[in-house]
file structure-v5.cif (mmCIF, C-alpha atoms and all ligand atoms)
data_upload
#
loop_
_atom_site.label_atom_id
_atom_site.label_comp_id
_atom_site.auth_asym_id
_atom_site.auth_seq_id
_atom_site.Cartn_x
_atom_site.Cartn_y
_atom_site.Cartn_z
CA MET A 1 3.09 4.15 11.71
CA ALA A 2 -0.32 2.55 11.69
CA GLY A 3 -0.63 -0.74 9.88
CA VAL A 4 -3.62 -2.77 8.84
CA ARG A 5 -6.15 -3.64 11.55
CA CYS A 6 -5.49 -7.13 12.82
CA PRO A 7 -8.49 -9.38 12.12
CA TYR A 8 -7.91 -11.22 15.42
CA CYS A 9 -7.24 -8.56 18.02
CA GLU A 10 -7.98 -5.38 16.07
CA ALA A 11 -4.66 -3.79 16.90
CA ASP A 12 -3.39 -1.74 14.01
CA GLU A 13 0.32 -2.23 14.32
CA ASP A 14 1.88 -4.90 12.18
CA LYS A 15 4.95 -5.70 10.20
CA VAL A 16 5.08 -7.03 6.69
CA VAL A 17 6.80 -10.39 6.65
CA ASP A 18 6.38 -11.19 2.99
CA SER A 19 5.42 -9.20 -0.07
CA ARG A 20 4.61 -10.60 -3.45
CA ALA A 21 3.50 -8.92 -6.65
CA LEU A 22 0.49 -10.35 -8.42
CA ASP A 23 -1.01 -9.69 -11.84
CA ASN A 24 2.09 -8.04 -13.24
CA ALA A 25 2.45 -5.85 -10.20
CA ALA A 26 -1.03 -4.36 -10.48
CA ALA A 27 -1.68 -6.02 -7.14
CA VAL A 28 0.44 -7.05 -4.22
CA ARG A 29 -0.13 -9.75 -1.64
CA ARG A 30 1.33 -9.04 1.76
CA ARG A 31 1.79 -11.40 4.64
CA ARG A 32 1.60 -9.41 7.85
CA GLU A 33 2.30 -10.16 11.44
CA CYS A 34 0.38 -8.40 14.16
CA LEU A 35 2.76 -6.71 16.61
CA SER A 36 0.21 -7.03 19.35
CA CYS A 37 -0.92 -10.68 19.22
CA GLY A 38 1.71 -12.08 16.89
CA ARG A 39 -0.78 -13.74 14.56
CA ARG A 40 -0.34 -13.57 10.84
CA PHE A 41 -2.80 -12.50 8.19
CA THR A 42 -2.73 -11.70 4.51
CA THR A 43 -3.75 -8.56 2.67
CA HIS A 44 -4.24 -8.08 -1.03
CA GLU A 45 -3.66 -4.58 -2.22
CA ARG A 46 -4.61 -3.40 -5.62
CA VAL A 47 -3.37 -0.23 -7.19
CA VAL A 48 -6.36 2.00 -7.71
CA GLU A 49 -5.91 3.95 -10.87
CA LEU A 50 -8.83 6.21 -11.52
CA PRO A 51 -9.69 6.16 -15.17
CA LEU A 52 -9.43 9.50 -16.87
CA MET A 53 -12.61 9.97 -18.85
CA VAL A 54 -12.95 12.01 -21.99
CA VAL A 55 -16.28 13.76 -22.40
CA LYS A 56 -17.06 14.13 -26.05
CA ARG A 57 -19.16 16.87 -27.53
CA SER A 58 -22.07 14.46 -27.80
CA GLY A 59 -21.88 14.01 -24.04
CA LEU A 60 -20.61 10.45 -24.41
CA LYS A 61 -17.70 9.51 -22.22
CA GLU A 62 -14.88 7.21 -23.07
CA PRO A 63 -11.66 6.31 -21.28
CA PHE A 64 -8.68 8.43 -22.18
CA GLU A 65 -6.35 6.58 -24.52
CA ARG A 66 -2.82 7.80 -24.78
CA ALA A 67 -2.27 5.98 -28.07
CA LYS A 68 -5.33 7.55 -29.61
CA LEU A 69 -4.22 11.05 -28.75
CA ALA A 70 -0.68 10.33 -29.96
CA ASP A 71 -2.14 8.97 -33.18
CA GLY A 72 -4.22 12.10 -33.68
CA ILE A 73 -1.19 14.29 -33.21
CA GLY A 74 0.96 12.00 -35.37
CA LYS A 75 -1.45 12.39 -38.26
CA ALA A 76 -1.11 16.15 -38.07
CA VAL A 77 2.66 16.11 -37.97
CA ALA A 78 3.90 16.79 -41.47
CA GLY A 79 6.93 14.95 -42.76
CA GLY A 80 8.50 14.12 -39.43
CA ALA A 81 8.59 17.77 -38.38
CA ILE A 82 8.15 16.64 -34.80
CA ALA A 83 10.04 13.68 -33.37
CA PRO A 84 7.94 10.79 -32.05
CA GLU A 85 9.50 11.31 -28.62
CA THR A 86 8.28 14.89 -28.65
CA VAL A 87 4.78 13.70 -29.51
CA GLU A 88 5.02 11.25 -26.61
CA ALA A 89 6.10 14.06 -24.31
CA ILE A 90 3.22 16.23 -25.48
CA VAL A 91 0.75 13.44 -24.82
CA ALA A 92 2.27 12.68 -21.40
CA GLY A 93 2.10 16.35 -20.42
CA ILE A 94 -1.50 16.66 -21.52
CA GLU A 95 -2.48 13.50 -19.68
CA GLU A 96 -0.75 14.68 -16.53
CA ASP A 97 -2.53 18.03 -16.61
CA ALA A 98 -5.85 16.39 -17.32
CA ARG A 99 -5.46 13.91 -14.46
CA ALA A 100 -4.42 16.69 -12.11
CA SER A 101 -7.54 18.69 -12.86
CA GLY A 102 -10.01 15.88 -12.42
CA PRO A 103 -11.36 12.52 -13.41
CA GLU A 104 -12.88 14.00 -16.54
CA VAL A 105 -11.66 16.15 -19.38
CA THR A 106 -13.61 17.33 -22.39
CA SER A 107 -12.44 16.42 -25.88
CA ASP A 108 -12.42 20.15 -26.60
CA ALA A 109 -10.03 20.79 -23.73
CA LEU A 110 -7.77 17.99 -24.97
CA GLY A 111 -7.76 19.44 -28.46
CA MET A 112 -6.94 22.90 -27.19
CA ALA A 113 -4.16 21.48 -25.02
CA VAL A 114 -2.65 19.83 -28.09
CA LEU A 115 -2.89 23.07 -30.05
CA GLU A 116 -1.24 25.03 -27.26
CA ARG A 117 1.67 22.63 -27.26
CA LEU A 118 2.02 22.28 -31.03
CA ARG A 119 1.92 25.99 -31.68
CA PRO A 120 5.40 26.84 -30.40
CA ILE A 121 6.92 23.67 -31.90
CA ASP A 122 5.67 23.47 -35.46
CA GLN A 123 3.12 25.74 -37.05
CA VAL A 124 2.30 23.50 -39.99
CA SER A 125 1.46 20.62 -37.67
CA TYR A 126 -0.43 23.04 -35.50
CA LEU A 127 -2.66 24.17 -38.34
CA ARG A 128 -3.10 20.66 -39.65
CA PHE A 129 -4.16 19.46 -36.22
CA ALA A 130 -6.53 22.40 -35.91
CA SER A 131 -8.12 21.54 -39.25
CA VAL A 132 -8.71 17.87 -38.49
CA TYR A 133 -9.53 18.23 -34.84
CA LYS A 134 -13.20 17.40 -34.61
CA GLY A 135 -13.99 19.61 -31.66
CA PHE A 136 -12.36 22.45 -33.48
CA GLY A 137 -13.91 21.56 -36.79
CA ASP A 138 -16.09 24.59 -37.06
CA ALA A 139 -14.78 26.42 -40.09
CA ALA A 140 -15.09 29.85 -38.49
CA ASP A 141 -13.07 28.74 -35.48
CA PHE A 142 -10.34 27.42 -37.69
CA GLU A 143 -10.27 30.53 -39.82
CA ARG A 144 -10.04 32.72 -36.75
CA GLU A 145 -7.23 30.59 -35.35
CA ALA A 146 -5.32 30.66 -38.64
CA LEU A 147 -5.69 34.43 -38.82
CA GLU A 148 -4.56 34.74 -35.25
CA LEU A 149 -1.49 32.69 -36.01
CA ARG A 150 -0.59 34.77 -39.04
CA LYS A 151 -1.01 37.95 -37.05
CA THR A 152 1.22 36.80 -34.23
CA THR A 153 3.88 35.06 -36.25
CA ALA A 154 4.25 37.00 -39.48
CA PRO A 155 3.02 40.54 -38.92
CA LYS A 156 5.28 42.09 -41.52
CA ARG A 157 4.57 39.70 -44.32
CA ARG A 158 2.71 41.30 -47.16
CA ARG A 159 -0.39 39.53 -48.40
CA PRO A 160 -0.13 38.34 -51.97
CA GLY A 161 -2.04 40.43 -54.48
CA ARG A 162 -2.12 43.61 -52.49
ZN ZN A 201 -3.47 -9.06 16.52
#
call {"tool": "encode", "arguments": {"input": "structure-v5.cif", "output": "structure tokens", "more": "lines below"}}
Ligand SMILES: [Zn+2]
result
Amino acid sequence: MAGVRCPYCEADEDKVVDSRALDNAAAVRRRRECLSCGRRFTTHERVVELPLMVVKRSGLKEPFERAKLADGIGKAVAGGAIAPETVEAIVAGIEEDARASGPEVTSDALGMAVLERLRPIDQVSYLRFASVYKGFGDAADFEREALELRKTTAPKRRRPGR
């Protein structure tokens, strides 16, 4: 296994002799010993977490915020129809998918991902989210979605007044 290139002899085999977390474990300081020349040197390693960026309809980008998405979903959830842990799981799943597909995700894609996940869980929350979701705010879109939902979930229900 290749190690870090020794600053003295440039060999790249070393062993870690001491390891210490810094900054609440966001970074780690390692004391290494070169296996070739025996000299010691220190490395600082920082966890590189690529920020997931949300591209809004305006084209503006902002860092993805789990809490913000959870809050948006929470507002749509009527009367505790969905447990907070389920909302957390929805958010985690969406974030995971978004990170897997790239460093950027559009706010529209996030909104649709929420809708996809809410739909099978609670239809009231689903429709409420659809109605407040800014990227989905176009009235025609919402109407179409609501119709679609009625068609797929209650095909036999008679419409009132007919
Ligand atoms: Zn060396």
call {"tool": "residues_near_point", "arguments": {"input": "structure-v5.cif", "point": "(-3.0, -7.6, 8.7)", "cutoff": "9 Å", "atoms": "all atoms listed in the file", "output": "PyMOL selection string"}}
result
chain A and resi 3-7+12-16+30-34+39-43
call {"tool": "atom_distance", "arguments": {"input": "structure-v5.cif", "atom1": "CA of Pro84 (chain A)", "atom2": "CA of Ser131 (chain A)"}}
result
20.6 Å
call {"tool": "closest_residue", "arguments": {"input": "structure-v5.cif", "among": "A:Ala67, A:Ala109, A:Cys37, A:Val28", "to": "ligand ZN 201 (chain A)", "atoms": "only C-alpha atoms and all ligand atoms"}}
result
A:Cys37
call {"tool": "atom_distance", "arguments": {"input": "structure-v5.cif", "atom1": "CA of Val48 (chain A)", "atom2": "CA of Arg99 (chain A)"}}
result
13.7 Å
call {"tool": "atom_distance", "arguments": {"input": "structure-v5.cif", "atom1": "CA of Ser58 (chain A)", "atom2": "CA of Phe129 (chain A)"}}
result
20.4 Å
call {"tool": "residues_around", "arguments": {"input": "structure-v5.cif", "residues": "Leu50 (chain A)", "least_positions_apart": "4", "cutoff": "12 Å", "atoms": "all atoms listed in the file", "output": "list in words"}}
result
Pro63, Phe64, Arg99, Ala100, Gly102, Pro103 and Glu104 of chain A
call {"tool": "axis_aligned_box", "arguments": {"input": "structure-v5.cif", "around": "region 61-79 of chain A", "padding_each_side": "5 Å", "output": "lines of an AutoDock Vina configuration file"}}
result
center_x = -5.4
center_y = 11.4
center_z = -32.0
size_x = 34.6
size_y = 20.8
size_z = 31.5
call {"tool": "residues_around", "arguments": {"input": "structure-v5.cif", "residues": "Glu65 (chain A)", "least_positions_apart": "2", "cutoff": "10 Å", "atoms": "only C-alpha atoms", "output": "list in words"}}
result
Pro51, Leu52, Met53, Val54, Glu62, Pro63, Ala67, Lys68, Leu69, Ala70, Asp71, Val91 and Glu95 of chain A
call {"tool": "closest_residue", "arguments": {"input": "structure-v5.cif", "among": "A:Gln123, A:Ser36, A:Ser101, A:Ser107", "to": "ligand ZN 201 (chain A)", "atoms": "all atoms listed in the file"}}
result
A:Ser36
call {"tool": "closest_residue", "arguments": {"input": "structure-v5.cif", "among": "A:Leu118, A:Cys9, A:Ala113, A:Ala26", "to": "ligand ZN 201 (chain A)", "atoms": "only C-alpha atoms and all ligand atoms"}}
result
A:Cys9
call {"tool": "closest_residue", "arguments": {"input": "structure-v5.cif", "among": "A:Val124, A:Ala11, A:Val87, A:Met112", "to": "ligand ZN 201 (chain A)", "atoms": "all atoms listed in the file"}}
result
A:Ala11
call {"tool": "closest_residue", "arguments": {"input": "structure-v5.cif", "among": "A:Ile94, A:Ala21, A:Ile121, A:Leu110", "to": "Val47 (chain A)", "atoms": "all atoms listed in the file"}}
result
A:Ala21
